[in-house]
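The next block is my_file-v3.tsv, given as TSV, C-alpha atoms.
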```tsv
chain	number	residue	atom	x	y	z
A	6	MET	CA	0.00	0.00	0.00
A	7	VAL	CA	2.68	2.52	0.99
A	8	GLU	CA	4.77	2.01	-2.15
A	9	GLU	CA	1.67	2.15	-4.35
A	10	ILE	CA	0.67	5.43	-2.74
A	11	ARG	CA	4.18	6.85	-3.06
A	12	ALA	CA	4.16	5.95	-6.76
A	13	HIS	CA	0.73	7.53	-7.21
A	14	LEU	CA	1.99	10.74	-5.60
A	15	THR	CA	5.18	10.98	-7.64
A	16	GLU	CA	3.90	9.60	-10.95
A	17	GLY	CA	0.28	10.76	-10.86
A	18	ILE	CA	-0.68	13.68	-8.65
A	19	ILE	CA	2.53	15.72	-8.85
A	20	PRO	CA	2.90	15.60	-12.66
A	21	PHE	CA	-0.79	16.39	-13.09
A	22	TRP	CA	-0.61	19.60	-11.08
A	23	LYS	CA	2.74	20.62	-12.53
A	24	ALA	CA	1.08	20.53	-15.94
A	25	LEU	CA	-1.50	23.09	-14.80
A	26	ARG	CA	1.12	25.75	-14.09
A	27	ASP	CA	0.38	29.05	-15.81
A	28	ASP	CA	3.71	30.56	-16.79
A	29	GLU	CA	2.12	33.49	-18.63
A	30	ASN	CA	-0.16	34.91	-15.93
A	31	GLY	CA	1.07	33.18	-12.80
A	32	GLY	CA	-0.42	30.63	-10.47
A	33	TYR	CA	-2.23	27.55	-11.74
A	34	TYR	CA	-5.07	27.18	-14.21
A	35	GLY	CA	-8.39	27.21	-12.39
A	36	TYR	CA	-10.57	24.80	-14.34
A	37	MET	CA	-10.50	21.46	-16.16
A	38	ASN	CA	-13.84	20.00	-17.12
A	39	HIS	CA	-14.83	16.34	-16.98
A	40	ASP	CA	-13.66	15.90	-20.59
A	41	LEU	CA	-10.16	17.04	-19.53
A	42	GLN	CA	-10.35	20.37	-21.34
A	43	VAL	CA	-8.45	23.16	-19.53
A	44	ASP	CA	-9.95	26.65	-19.53
A	45	LYS	CA	-6.89	28.89	-19.39
A	46	GLU	CA	-9.07	31.96	-18.82
A	47	ALA	CA	-11.11	30.54	-15.96
A	48	VAL	CA	-11.29	32.25	-12.59
A	49	LYS	CA	-8.40	31.34	-10.27
A	50	GLY	CA	-9.65	30.62	-6.78
A	51	CYS	CA	-7.35	31.94	-4.08
A	52	ILE	CA	-8.16	28.86	-2.01
A	53	LEU	CA	-7.13	26.69	-4.96
A	54	ASN	CA	-3.79	28.47	-5.33
A	55	SER	CA	-3.19	28.45	-1.56
A	56	ARG	CA	-3.78	24.71	-1.45
A	57	ILE	CA	-1.54	24.05	-4.46
A	58	THR	CA	1.23	26.14	-2.85
A	59	TRP	CA	0.80	24.22	0.41
A	60	PHE	CA	0.91	20.93	-1.49
A	61	PHE	CA	4.12	21.62	-3.37
A	62	ALA	CA	5.85	23.03	-0.28
A	63	ASN	CA	5.06	19.88	1.70
A	64	ALA	CA	5.87	17.56	-1.19
A	65	TYR	CA	9.28	19.25	-1.40
A	66	MET	CA	9.91	18.81	2.32
A	67	LEU	CA	9.03	15.12	2.07
A	68	LEU	CA	10.68	14.20	-1.23
A	69	LYS	CA	13.53	16.78	-1.41
A	70	ASP	CA	12.96	17.35	-5.12
A	71	GLU	CA	14.04	20.92	-5.92
A	72	SER	CA	11.51	21.18	-8.74
A	73	LEU	CA	8.75	20.94	-6.13
A	74	LEU	CA	10.13	23.92	-4.22
A	75	GLU	CA	10.12	25.86	-7.48
A	76	GLU	CA	6.45	24.99	-7.99
A	77	ALA	CA	5.69	26.13	-4.44
A	78	ARG	CA	7.56	29.38	-5.11
A	79	HIS	CA	5.51	29.90	-8.26
A	80	GLY	CA	2.28	29.55	-6.29
A	81	TYR	CA	3.57	31.71	-3.44
A	82	GLU	CA	4.56	34.56	-5.76
A	83	PHE	CA	1.10	34.49	-7.33
A	84	MET	CA	-0.52	34.62	-3.89
A	85	GLN	CA	1.61	37.56	-2.79
A	86	LYS	CA	1.20	39.50	-6.04
A	87	TYR	CA	-2.48	38.96	-6.75
A	88	CYS	CA	-4.42	37.24	-3.95
A	89	VAL	CA	-3.36	39.50	-1.07
A	90	ASP	CA	-5.25	42.82	-0.97
A	91	LYS	CA	-2.40	45.32	-0.57
A	92	GLU	CA	-4.76	48.22	0.16
A	93	LYS	CA	-7.29	46.84	2.63
A	94	GLY	CA	-5.61	43.68	3.92
A	95	GLY	CA	-6.62	40.07	3.77
A	96	VAL	CA	-6.96	37.69	0.85
A	97	TYR	CA	-9.58	37.83	-1.90
A	98	TRP	CA	-11.89	34.91	-2.66
A	99	SER	CA	-10.82	34.75	-6.30
A	100	VAL	CA	-9.06	36.57	-9.11
A	101	LYS	CA	-9.41	36.50	-12.87
A	102	TYR	CA	-7.04	34.44	-14.98
A	103	ASP	CA	-4.70	37.42	-15.31
A	104	GLY	CA	-4.65	38.12	-11.56
A	105	THR	CA	-7.04	41.08	-11.41
A	106	PRO	CA	-9.61	40.82	-8.59
A	107	GLU	CA	-12.75	38.83	-9.45
A	108	ASP	CA	-14.57	38.21	-6.15
A	109	THR	CA	-13.26	40.53	-3.42
A	110	THR	CA	-15.10	38.73	-0.62
A	111	LYS	CA	-12.90	38.25	2.44
A	112	HIS	CA	-13.80	34.95	4.09
A	113	THR	CA	-12.28	33.65	7.30
A	114	TYR	CA	-11.95	30.21	5.69
A	115	ASN	CA	-9.94	31.72	2.85
A	116	GLN	CA	-7.66	33.67	5.18
A	117	ALA	CA	-6.99	30.42	7.03
A	118	PHE	CA	-5.90	28.52	3.94
A	119	SER	CA	-3.55	31.31	3.00
A	120	ILE	CA	-1.97	31.05	6.46
A	121	TYR	CA	-1.68	27.29	5.99
A	122	ALA	CA	0.14	27.72	2.69
A	123	LEU	CA	2.36	30.59	3.80
A	124	ALA	CA	3.49	28.82	6.96
A	125	SER	CA	4.43	25.69	5.02
A	126	TYR	CA	6.15	27.72	2.32
A	127	TYR	CA	8.20	29.49	5.00
A	128	ASP	CA	9.19	26.10	6.43
A	129	ALA	CA	10.20	24.83	2.99
A	130	SER	CA	11.99	27.94	1.73
A	131	GLY	CA	13.11	29.89	4.78
A	132	ASP	CA	11.54	33.02	3.26
A	133	LYS	CA	10.67	35.16	6.28
A	134	THR	CA	8.32	37.34	4.21
A	135	ALA	CA	5.95	34.38	3.94
A	136	LEU	CA	5.84	33.98	7.73
A	137	ASP	CA	5.33	37.73	8.19
A	138	THR	CA	2.37	37.65	5.78
A	139	ALA	CA	0.91	34.66	7.60
A	140	MET	CA	1.14	36.50	10.91
A	141	ARG	CA	-0.58	39.57	9.45
A	142	LEU	CA	-3.44	37.35	8.29
A	143	PHE	CA	-3.58	35.78	11.75
A	144	GLU	CA	-3.96	39.25	13.27
A	145	ILE	CA	-6.68	40.11	10.73
A	146	ILE	CA	-8.68	37.00	11.65
A	147	GLU	CA	-8.32	37.71	15.35
A	148	ASP	CA	-9.01	41.45	15.11
A	149	ARG	CA	-11.67	41.61	12.40
A	150	CYS	CA	-13.29	38.18	12.06
A	151	MET	CA	-14.23	37.50	15.70
A	152	ASP	CA	-17.13	38.23	17.98
A	153	GLU	CA	-17.60	37.33	21.64
A	154	VAL	CA	-18.63	33.76	20.71
A	155	GLY	CA	-16.29	32.75	17.91
A	156	TYR	CA	-15.23	33.26	14.32
A	157	LYS	CA	-17.56	35.09	12.00
A	158	GLU	CA	-17.32	34.00	8.39
A	159	ALA	CA	-18.01	36.23	5.39
A	160	PHE	CA	-17.08	39.86	4.78
A	161	ASP	CA	-16.89	42.31	1.92
A	162	ARG	CA	-13.59	43.83	0.85
A	163	ASP	CA	-13.71	46.32	3.75
A	164	PHE	CA	-14.42	43.56	6.30
A	165	THR	CA	-18.06	44.49	6.77
A	166	GLU	CA	-19.95	41.28	7.56
A	167	ILE	CA	-22.12	39.84	4.77
A	168	GLU	CA	-24.27	36.72	4.31
A	169	ASN	CA	-22.26	33.50	4.57
A	170	ASP	CA	-23.47	31.86	1.37
A	171	LYS	CA	-20.07	30.42	0.36
A	172	LEU	CA	-19.71	28.07	3.36
A	173	SER	CA	-23.41	27.34	3.90
A	174	GLU	CA	-25.08	24.33	2.30
A	175	ASN	CA	-28.05	22.00	2.68
A	176	GLY	CA	-30.60	24.81	2.46
A	177	VAL	CA	-29.42	26.85	5.45
A	178	ILE	CA	-27.39	30.03	5.83
A	179	ALA	CA	-25.09	29.62	8.82
A	180	ASP	CA	-23.55	32.41	10.84
A	181	LYS	CA	-20.78	30.08	11.95
A	182	THR	CA	-19.60	26.67	10.71
A	183	MET	CA	-17.62	23.73	11.98
A	184	ASN	CA	-15.80	23.68	8.64
A	185	THR	CA	-14.33	27.17	8.99
A	186	LEU	CA	-13.40	26.59	12.63
A	187	LEU	CA	-11.65	23.33	11.70
A	188	HIS	CA	-9.53	24.95	9.02
A	189	VAL	CA	-8.64	27.96	11.15
A	190	PHE	CA	-7.42	25.38	13.66
A	191	GLU	CA	-5.50	23.53	10.97
A	192	ALA	CA	-3.87	26.76	9.79
A	193	TYR	CA	-2.98	27.89	13.30
A	194	THR	CA	-1.47	24.46	14.00
A	195	GLU	CA	0.90	24.90	11.08
A	196	LEU	CA	1.61	28.53	11.98
A	197	TYR	CA	2.44	27.60	15.57
A	198	ARG	CA	4.57	24.67	14.46
A	199	VAL	CA	6.83	26.88	12.34
A	200	GLY	CA	6.69	30.10	14.37
A	201	ARG	CA	6.08	29.13	18.03
A	202	ASN	CA	4.15	32.34	18.66
A	203	ASP	CA	2.43	32.53	22.06
A	204	LYS	CA	-0.63	34.34	20.68
A	205	VAL	CA	-1.17	31.57	18.15
A	206	LYS	CA	-0.71	28.98	20.90
A	207	ALA	CA	-3.41	30.62	23.01
A	208	ARG	CA	-5.85	30.60	20.11
A	209	LEU	CA	-5.16	26.92	19.41
A	210	ALA	CA	-6.11	26.15	22.99
A	211	TRP	CA	-9.27	28.26	22.72
A	212	ILE	CA	-10.36	26.47	19.55
A	213	LEU	CA	-9.83	23.08	21.17
A	214	ASP	CA	-12.03	24.17	24.07
A	215	THR	CA	-14.66	25.33	21.57
A	216	PHE	CA	-14.60	22.03	19.71
A	217	ALA	CA	-14.97	20.11	22.96
A	218	GLY	CA	-17.65	22.38	24.43
A	219	LYS	CA	-19.75	23.57	21.50
A	220	VAL	CA	-19.05	21.62	18.31
A	221	TYR	CA	-18.68	18.03	19.55
A	222	ASN	CA	-22.00	16.39	20.43
A	223	PRO	CA	-21.24	13.57	22.92
A	224	LYS	CA	-24.79	12.21	22.84
A	225	LEU	CA	-24.72	11.73	19.06
A	226	HIS	CA	-20.97	10.99	18.87
A	227	ARG	CA	-20.47	13.55	16.13
A	228	GLN	CA	-19.75	17.18	15.42
A	229	GLU	CA	-22.49	19.64	14.68
A	230	VAL	CA	-21.96	21.41	11.36
A	231	PHE	CA	-23.94	24.65	10.96
A	232	PHE	CA	-24.58	27.16	13.73
A	233	ASP	CA	-26.35	30.41	14.46
A	234	ARG	CA	-24.50	33.42	15.83
A	235	GLU	CA	-24.54	32.00	19.36
A	236	MET	CA	-23.16	28.61	18.23
A	237	ASN	CA	-26.45	26.75	18.45
A	238	SER	CA	-26.78	23.97	15.87
A	239	ILE	CA	-29.32	24.77	13.15
A	240	LEU	CA	-29.41	21.51	11.15
A	241	ASP	CA	-29.52	17.78	11.90
A	242	LEU	CA	-26.49	16.85	9.81
A	243	HIS	CA	-23.70	14.33	10.30
A	244	SER	CA	-20.80	15.14	7.96
A	245	TYR	CA	-18.90	11.87	7.83
A	246	GLY	CA	-15.94	13.25	5.91
A	247	HIS	CA	-15.43	16.21	8.21
A	248	ASP	CA	-15.62	14.04	11.31
A	249	ILE	CA	-12.93	11.61	10.16
A	250	GLU	CA	-10.81	14.53	8.97
A	251	THR	CA	-11.32	16.38	12.26
A	252	ALA	CA	-10.21	13.34	14.26
A	253	TRP	CA	-6.71	13.37	12.85
A	254	LEU	CA	-6.36	17.15	12.46
A	255	ILE	CA	-7.26	17.59	16.14
A	256	GLU	CA	-4.67	14.95	17.02
A	257	ARG	CA	-2.06	16.81	14.96
A	258	GLY	CA	-2.93	20.08	16.68
A	259	VAL	CA	-2.81	18.58	20.14
A	260	GLU	CA	0.57	17.02	19.38
A	261	THR	CA	1.87	20.37	18.09
A	262	LEU	CA	0.50	22.23	21.12
A	263	GLY	CA	2.28	19.78	23.41
A	264	GLU	CA	0.14	20.21	26.53
A	265	LYS	CA	-0.97	17.13	28.46
A	266	LYS	CA	-4.17	18.89	29.55
A	267	TYR	CA	-5.38	18.96	25.96
A	268	GLN	CA	-4.07	15.52	25.14
A	269	ASP	CA	-6.21	14.14	27.96
A	270	LYS	CA	-9.19	16.29	27.03
A	271	MET	CA	-9.26	15.63	23.30
A	272	LEU	CA	-8.18	11.97	23.00
A	273	PRO	CA	-11.59	10.56	24.02
A	274	ILE	CA	-13.27	12.83	21.45
A	275	ILE	CA	-10.83	11.80	18.71
A	276	LEU	CA	-11.42	8.12	19.44
A	277	ASP	CA	-15.19	8.55	19.67
A	278	LEU	CA	-15.43	10.36	16.32
A	279	THR	CA	-13.28	7.71	14.65
A	280	ASP	CA	-15.27	4.82	16.11
A	281	GLN	CA	-18.61	6.35	15.19
A	282	ILE	CA	-17.56	6.90	11.59
A	283	TYR	CA	-16.24	3.35	11.33
A	284	ARG	CA	-19.47	1.87	12.67
A	285	THR	CA	-22.02	4.08	10.91
A	286	ALA	CA	-20.51	5.33	7.62
A	287	PHE	CA	-17.92	2.80	6.42
A	288	ASP	CA	-19.27	-0.15	4.43
A	289	GLY	CA	-16.07	-2.18	4.39
A	290	ARG	CA	-14.79	-0.56	1.20
A	291	SER	CA	-15.45	3.18	1.28
A	292	LEU	CA	-17.14	6.02	3.14
A	293	ALA	CA	-20.51	7.63	2.49
A	294	ASN	CA	-20.71	11.42	2.33
A	295	GLU	CA	-23.13	12.55	5.03
A	296	CYS	CA	-26.45	11.97	6.75
A	297	GLU	CA	-29.05	14.77	6.85
A	298	LYS	CA	-32.14	14.27	9.02
A	299	GLY	CA	-31.61	10.52	8.91
A	300	VAL	CA	-31.17	10.33	5.12
A	301	VAL	CA	-27.75	9.14	3.97
A	302	ASP	CA	-26.02	10.59	0.92
A	303	ALA	CA	-24.23	7.45	-0.23
A	304	ASN	CA	-22.08	9.05	-2.93
A	305	ARG	CA	-18.36	8.64	-2.48
A	306	ILE	CA	-16.78	12.10	-2.64
A	307	TRP	CA	-13.09	12.26	-3.60
A	308	TRP	CA	-11.90	14.25	-0.59
A	309	VAL	CA	-13.91	12.16	1.88
A	310	GLN	CA	-12.22	8.99	0.62
A	311	ALA	CA	-8.78	10.56	1.01
A	312	GLU	CA	-9.45	11.72	4.56
A	313	THR	CA	-10.83	8.29	5.44
A	314	ILE	CA	-7.43	6.69	4.92
A	315	VAL	CA	-5.62	9.19	7.12
A	316	GLY	CA	-8.33	9.20	9.77
A	317	PHE	CA	-8.45	5.42	10.16
A	318	LEU	CA	-4.67	5.12	10.06
A	319	ASN	CA	-4.50	7.76	12.78
A	320	GLY	CA	-7.09	5.88	14.82
A	321	TYR	CA	-5.06	2.69	14.53
A	322	GLN	CA	-1.89	4.45	15.66
A	323	LEU	CA	-3.70	5.82	18.72
A	324	ALA	CA	-5.35	2.47	19.52
A	325	PRO	CA	-3.23	-0.34	18.01
A	326	GLU	CA	-5.69	-2.95	19.24
A	327	LYS	CA	-8.15	-1.56	16.68
A	328	LYS	CA	-6.67	-3.48	13.78
A	329	GLU	CA	-9.94	-3.04	11.94
A	330	TYR	CA	-9.00	0.60	11.40
A	331	LEU	CA	-5.81	-0.38	9.60
A	332	GLU	CA	-7.74	-2.84	7.47
A	333	ALA	CA	-10.29	-0.13	6.71
A	334	ALA	CA	-7.54	2.23	5.53
A	335	LYS	CA	-6.18	-0.49	3.24
A	336	ALA	CA	-9.64	-1.31	1.89
A	337	GLU	CA	-10.31	2.36	1.22
A	338	TRP	CA	-7.09	2.61	-0.78
A	339	GLU	CA	-8.18	-0.34	-2.91
A	340	PHE	CA	-11.50	1.41	-3.58
A	341	ILE	CA	-9.75	4.66	-4.51
A	342	LYS	CA	-7.25	2.85	-6.71
A	343	GLU	CA	-9.96	0.98	-8.55
A	344	HIS	CA	-12.75	3.55	-8.77
A	345	VAL	CA	-11.81	7.12	-7.74
A	346	ILE	CA	-8.53	7.57	-9.60
A	347	ASP	CA	-9.40	8.47	-13.18
A	348	LYS	CA	-7.39	6.16	-15.44
A	349	ARG	CA	-7.63	8.47	-18.45
A	350	GLN	CA	-4.34	9.97	-19.62
A	351	GLY	CA	-3.91	13.50	-18.32
A	352	SER	CA	-6.49	13.22	-15.54
A	353	GLU	CA	-6.38	12.84	-11.76
A	354	TRP	CA	-9.30	11.84	-9.43
A	355	PHE	CA	-13.00	11.89	-10.20
A	356	TRP	CA	-14.98	14.31	-8.06
A	357	ASP	CA	-17.39	11.61	-6.94
A	358	VAL	CA	-18.53	8.07	-7.65
A	359	THR	CA	-21.42	5.92	-6.49
A	360	ALA	CA	-21.08	3.40	-3.67
A	361	GLU	CA	-20.49	0.83	-6.41
A	362	GLY	CA	-17.69	2.94	-7.85
A	363	GLU	CA	-19.34	4.37	-10.96
A	364	SER	CA	-18.52	7.94	-12.01
A	365	VAL	CA	-21.85	9.53	-12.83
A	366	SER	CA	-21.94	13.25	-12.01
A	367	GLY	CA	-19.58	14.54	-14.68
A	368	LYS	CA	-18.22	17.18	-12.33
A	369	PRO	CA	-14.93	18.96	-13.15
A	370	ILE	CA	-11.53	17.42	-12.53
A	371	VAL	CA	-10.22	20.86	-11.47
A	372	GLU	CA	-12.18	23.86	-10.18
A	373	PRO	CA	-11.84	26.26	-7.23
A	374	TRP	CA	-12.46	23.50	-4.65
A	375	LYS	CA	-10.84	20.55	-6.49
A	376	CYS	CA	-7.14	20.50	-5.79
A	377	PRO	CA	-4.26	18.29	-4.50
A	378	TYR	CA	-4.83	19.27	-0.88
A	379	HIS	CA	-6.82	16.24	0.28
A	380	ASN	CA	-5.50	13.45	-1.94
A	381	GLY	CA	-1.93	14.78	-2.09
A	382	ARG	CA	-1.91	15.20	1.67
A	383	MET	CA	-3.24	11.67	2.14
A	384	CYS	CA	-0.32	10.32	0.14
A	385	MET	CA	2.18	12.28	2.18
A	386	GLU	CA	0.60	11.30	5.49
A	387	VAL	CA	0.67	7.60	4.59
A	388	ILE	CA	4.34	7.85	3.62
A	389	ARG	CA	5.17	9.66	6.88
A	390	ARG	CA	3.26	7.04	8.90
A	391	SER	CA	4.61	4.12	6.87
A	392	SER	CA	6.28	2.37	9.82
A	393	ASP	CA	2.82	1.60	11.20
A	394	VAL	CA	1.36	0.33	7.94
A	395	ALA	CA	2.15	-3.36	7.75
```

Do you think you could lay out the structure here as structure tokens?
Amino acid sequence: MVEEIRAHLTEGIIPFWKALRDDENGGYYGYMNHDLQVDKEAVKGCILNSRITWFFANAYMLLKDESLLEEARHGYEFMQKYCVDKEKGGVYWSVKYDGTPEDTTKHTYNQAFSIYALASYYDASGDKTALDTAMRLFEIIEDRCMDEVGYKEAFDRDFTEIENDKLSENGVIADKTMNTLLHVFEAYTELYRVGRNDKVKARLAWILDTFAGKVYNPKLHRQEVFFDREMNSILDLHSYGHDIETAWLIERGVETLGEKKYQDKMLPIILDLTDQIYRTAFDGRSLANECEKGVVDANRIWWVQAETIVGFLNGYQLAPEKKEYLEAAKAEWEFIKEHVIDKRQGSEWFWDVTAEGESVSGKPIVEPWKCPYHNGRMCMEVIRRSSDVA
């Protein structure tokens, strides 16, 4: 499994994304349809380019291939030149193919992914400017995107709050979301790891307390997903992919924080989320998407499958007696290998397939949310954890 995944990373995912580099206008092309046609004038999502930059920076640190650092630098320079709002601060939602602003929304989620990319790029390159930019974005989130309860979500260019339509789904408009909180936590984990800033450390601890006290539902053994302004849940929704992803990202954050108080506090939650997903959402081969009001969406979404491998492998490492988690990770890889990886020349992963493994939706291969962040990261995590994969 490990060698297959390493080969898929180096021979599949990395070459695919290298080929989408835009040397004329910077960054990476923002759209490839299901028929593998690239639109070189499509909008370039700033989240997409942040995630690609993060991916190449981490691939370089793992594989020590200098060409990967050059790709990360290419993404970083595009972010700094076009995605960062030099006048009003923060990062835009998207830019046009030539780098001019397209959607000037400032979203907390988007600021977080820029921090994630910039912190990793600093670690890979030693470029202090990247860390300085990440810290400025951290200060913006803390100063302009907070209220007395938690992180607000969507703002216009001047940081006046607007409706959170970009991170709301399932027929509701949420004031706050588990998804944004999770990825702020993920970004702050990386920022603290590379910078060891006490302010960042304090916010990591606060977010962990918020997950434990307001997001995690111990009675239902899950996280709540969408919230009102006061952090009350507004929809009966179990997001299987986010729960298995959260389990290992929380573990990573707790490890980075290095405080026994939070290790003791969060470990039972991590194990509970992992166990619940294994028992309720995994069918022995792959993971369903979510369950809303008791109705399961059984489609197999690309990113959910990737996070399933890491989440179950993490669960096995925390509880080695749970050998079923290791077997689940291996079974999930077989499903991905057979059904989710698109075998067509010049492609990558399908967006989604049915529980039987059939690609039916015809969704794009690349678009502002479809990137090497989840599947590329899965490959790198498996390689890093290879000593525990028999």

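Comparing A:Asp277, A:Gly131, A:Lys375, A:Val199 by their smallest distance to Lys224 in chain A, the closest is A:Asp277 (using all atoms listed in the file).
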
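Across the model, the gap from CA of Ser55 in chain A to CA of Gln85 in chain A is 10.4 Å.
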
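The space between CA of Gly320 in chain A and CA of Ile19 in chain A spans 27.4 Å.
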
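When CA of Gly289 in chain A is paired with CA of Lys368 in chain A, their separation reads 25.7 Å.
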
Among listed residues A:Ile145, A:Ala336, A:Ala311, A:Ile255, nearest Val387 in chain A (using all atoms listed in the file): A:Ala311

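Between Val205 in chain A and the candidates A:Ala293, A:Ala139, A:Ile388, A:Ile167, the tightest atom-to-atom separation, counting all atoms listed in the file, involves A:Ala139.
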
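The protein and nucleic acid residues lying at most 10 Å from Ala117 in chain A are Ile52, Ser55, Val96, His112, Ala122, Leu123, Ala139, Leu142, Phe143, Ile146, Thr185, Leu186, Leu187, His188, Val189, Phe190, Glu191, Ala192 and Tyr193 of chain A, with only C-alpha atoms considered and sequence neighbours fewer than 5 positions away removed.
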
Quick one: axis-aligned box around all listed atoms of range 215-224 of chain A, 6 Å on every side, centre and edge lengths in Å to one decimal, written as AutoDock Vina command-line options.
```
--center_x -19.7 --center_y 18.8 --center_z 21.4 --size_x 22.2 --size_y 25.1 --size_z 18.1
```

Distance cut-off 12 Å, centre (-20.6, 11.0, 7.2) in file coordinates, counting all atoms listed in the file: which residues qualify? Return them as a PDB file with C-alpha atoms, in the coordinates of the input.
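Done, and the output landed in result-v1.pdb:
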```
ATOM      1  CA  HIS A 226     -20.970  10.990  18.870  1.00  0.00           C
ATOM      2  CA  ARG A 227     -20.470  13.550  16.130  1.00  0.00           C
ATOM      3  CA  GLN A 228     -19.750  17.180  15.420  1.00  0.00           C
ATOM      4  CA  GLU A 229     -22.490  19.640  14.680  1.00  0.00           C
ATOM      5  CA  VAL A 230     -21.960  21.410  11.360  1.00  0.00           C
ATOM      6  CA  LEU A 242     -26.490  16.850   9.810  1.00  0.00           C
ATOM      7  CA  HIS A 243     -23.700  14.330  10.300  1.00  0.00           C
ATOM      8  CA  SER A 244     -20.800  15.140   7.960  1.00  0.00           C
ATOM      9  CA  TYR A 245     -18.900  11.870   7.830  1.00  0.00           C
ATOM     10  CA  GLY A 246     -15.940  13.250   5.910  1.00  0.00           C
ATOM     11  CA  HIS A 247     -15.430  16.210   8.210  1.00  0.00           C
ATOM     12  CA  ASP A 248     -15.620  14.040  11.310  1.00  0.00           C
ATOM     13  CA  ILE A 249     -12.930  11.610  10.160  1.00  0.00           C
ATOM     14  CA  GLU A 250     -10.810  14.530   8.970  1.00  0.00           C
ATOM     15  CA  THR A 251     -11.320  16.380  12.260  1.00  0.00           C
ATOM     16  CA  LEU A 278     -15.430  10.360  16.320  1.00  0.00           C
ATOM     17  CA  THR A 279     -13.280   7.710  14.650  1.00  0.00           C
ATOM     18  CA  GLN A 281     -18.610   6.350  15.190  1.00  0.00           C
ATOM     19  CA  ILE A 282     -17.560   6.900  11.590  1.00  0.00           C
ATOM     20  CA  TYR A 283     -16.240   3.350  11.330  1.00  0.00           C
ATOM     21  CA  ARG A 284     -19.470   1.870  12.670  1.00  0.00           C
ATOM     22  CA  THR A 285     -22.020   4.080  10.910  1.00  0.00           C
ATOM     23  CA  ALA A 286     -20.510   5.330   7.620  1.00  0.00           C
ATOM     24  CA  PHE A 287     -17.920   2.800   6.420  1.00  0.00           C
ATOM     25  CA  ASP A 288     -19.270  -0.150   4.430  1.00  0.00           C
ATOM     26  CA  SER A 291     -15.450   3.180   1.280  1.00  0.00           C
ATOM     27  CA  LEU A 292     -17.140   6.020   3.140  1.00  0.00           C
ATOM     28  CA  ALA A 293     -20.510   7.630   2.490  1.00  0.00           C
ATOM     29  CA  ASN A 294     -20.710  11.420   2.330  1.00  0.00           C
ATOM     30  CA  GLU A 295     -23.130  12.550   5.030  1.00  0.00           C
ATOM     31  CA  CYS A 296     -26.450  11.970   6.750  1.00  0.00           C
ATOM     32  CA  GLU A 297     -29.050  14.770   6.850  1.00  0.00           C
ATOM     33  CA  GLY A 299     -31.610  10.520   8.910  1.00  0.00           C
ATOM     34  CA  VAL A 300     -31.170  10.330   5.120  1.00  0.00           C
ATOM     35  CA  VAL A 301     -27.750   9.140   3.970  1.00  0.00           C
ATOM     36  CA  ASP A 302     -26.020  10.590   0.920  1.00  0.00           C
ATOM     37  CA  ALA A 303     -24.230   7.450  -0.230  1.00  0.00           C
ATOM     38  CA  ASN A 304     -22.080   9.050  -2.930  1.00  0.00           C
ATOM     39  CA  ARG A 305     -18.360   8.640  -2.480  1.00  0.00           C
ATOM     40  CA  ILE A 306     -16.780  12.100  -2.640  1.00  0.00           C
ATOM     41  CA  VAL A 309     -13.910  12.160   1.880  1.00  0.00           C
ATOM     42  CA  GLN A 310     -12.220   8.990   0.620  1.00  0.00           C
ATOM     43  CA  GLU A 312      -9.450  11.720   4.560  1.00  0.00           C
ATOM     44  CA  THR A 313     -10.830   8.290   5.440  1.00  0.00           C
TER      45      THR A 313
END
```

Given only C-alpha atoms as the counted atoms, nearest of A:Glu75, A:Glu153, A:Asp40, A:Asp90 to Arg26 in chain A: A:Glu75

For range 181-187 of chain A, which lacks atoms in the input, supply N, CA, C and O atoms and format the output as a tab-separated table (two decimals), keeping the file's coordinate frame.
```tsv
chain	number	residue	atom	x	y	z
A	181	LYS	N	-22.07	30.68	11.63
A	181	LYS	CA	-20.78	30.08	11.95
A	181	LYS	C	-20.82	28.61	11.52
A	181	LYS	O	-21.89	27.99	11.49
A	182	THR	N	-19.65	28.05	11.17
A	182	THR	CA	-19.60	26.67	10.71
A	182	THR	C	-18.46	25.91	11.35
A	182	THR	O	-17.40	26.48	11.67
A	183	MET	N	-18.68	24.63	11.54
A	183	MET	CA	-17.62	23.73	11.98
A	183	MET	C	-16.47	23.72	10.97
A	183	MET	O	-15.29	23.67	11.34
A	184	ASN	N	-16.80	23.78	9.69
A	184	ASN	CA	-15.80	23.68	8.64
A	184	ASN	C	-14.78	24.82	8.74
A	184	ASN	O	-13.56	24.59	8.68
A	185	THR	N	-15.26	26.04	8.87
A	185	THR	CA	-14.33	27.17	8.99
A	185	THR	C	-13.51	27.06	10.26
A	185	THR	O	-12.28	27.28	10.25
A	186	LEU	N	-14.14	26.72	11.38
A	186	LEU	CA	-13.40	26.59	12.63
A	186	LEU	C	-12.31	25.53	12.51
A	186	LEU	O	-11.17	25.73	12.98
A	187	LEU	N	-12.63	24.40	11.87
A	187	LEU	CA	-11.65	23.33	11.70
A	187	LEU	C	-10.44	23.82	10.92
A	187	LEU	O	-9.29	23.53	11.30
```
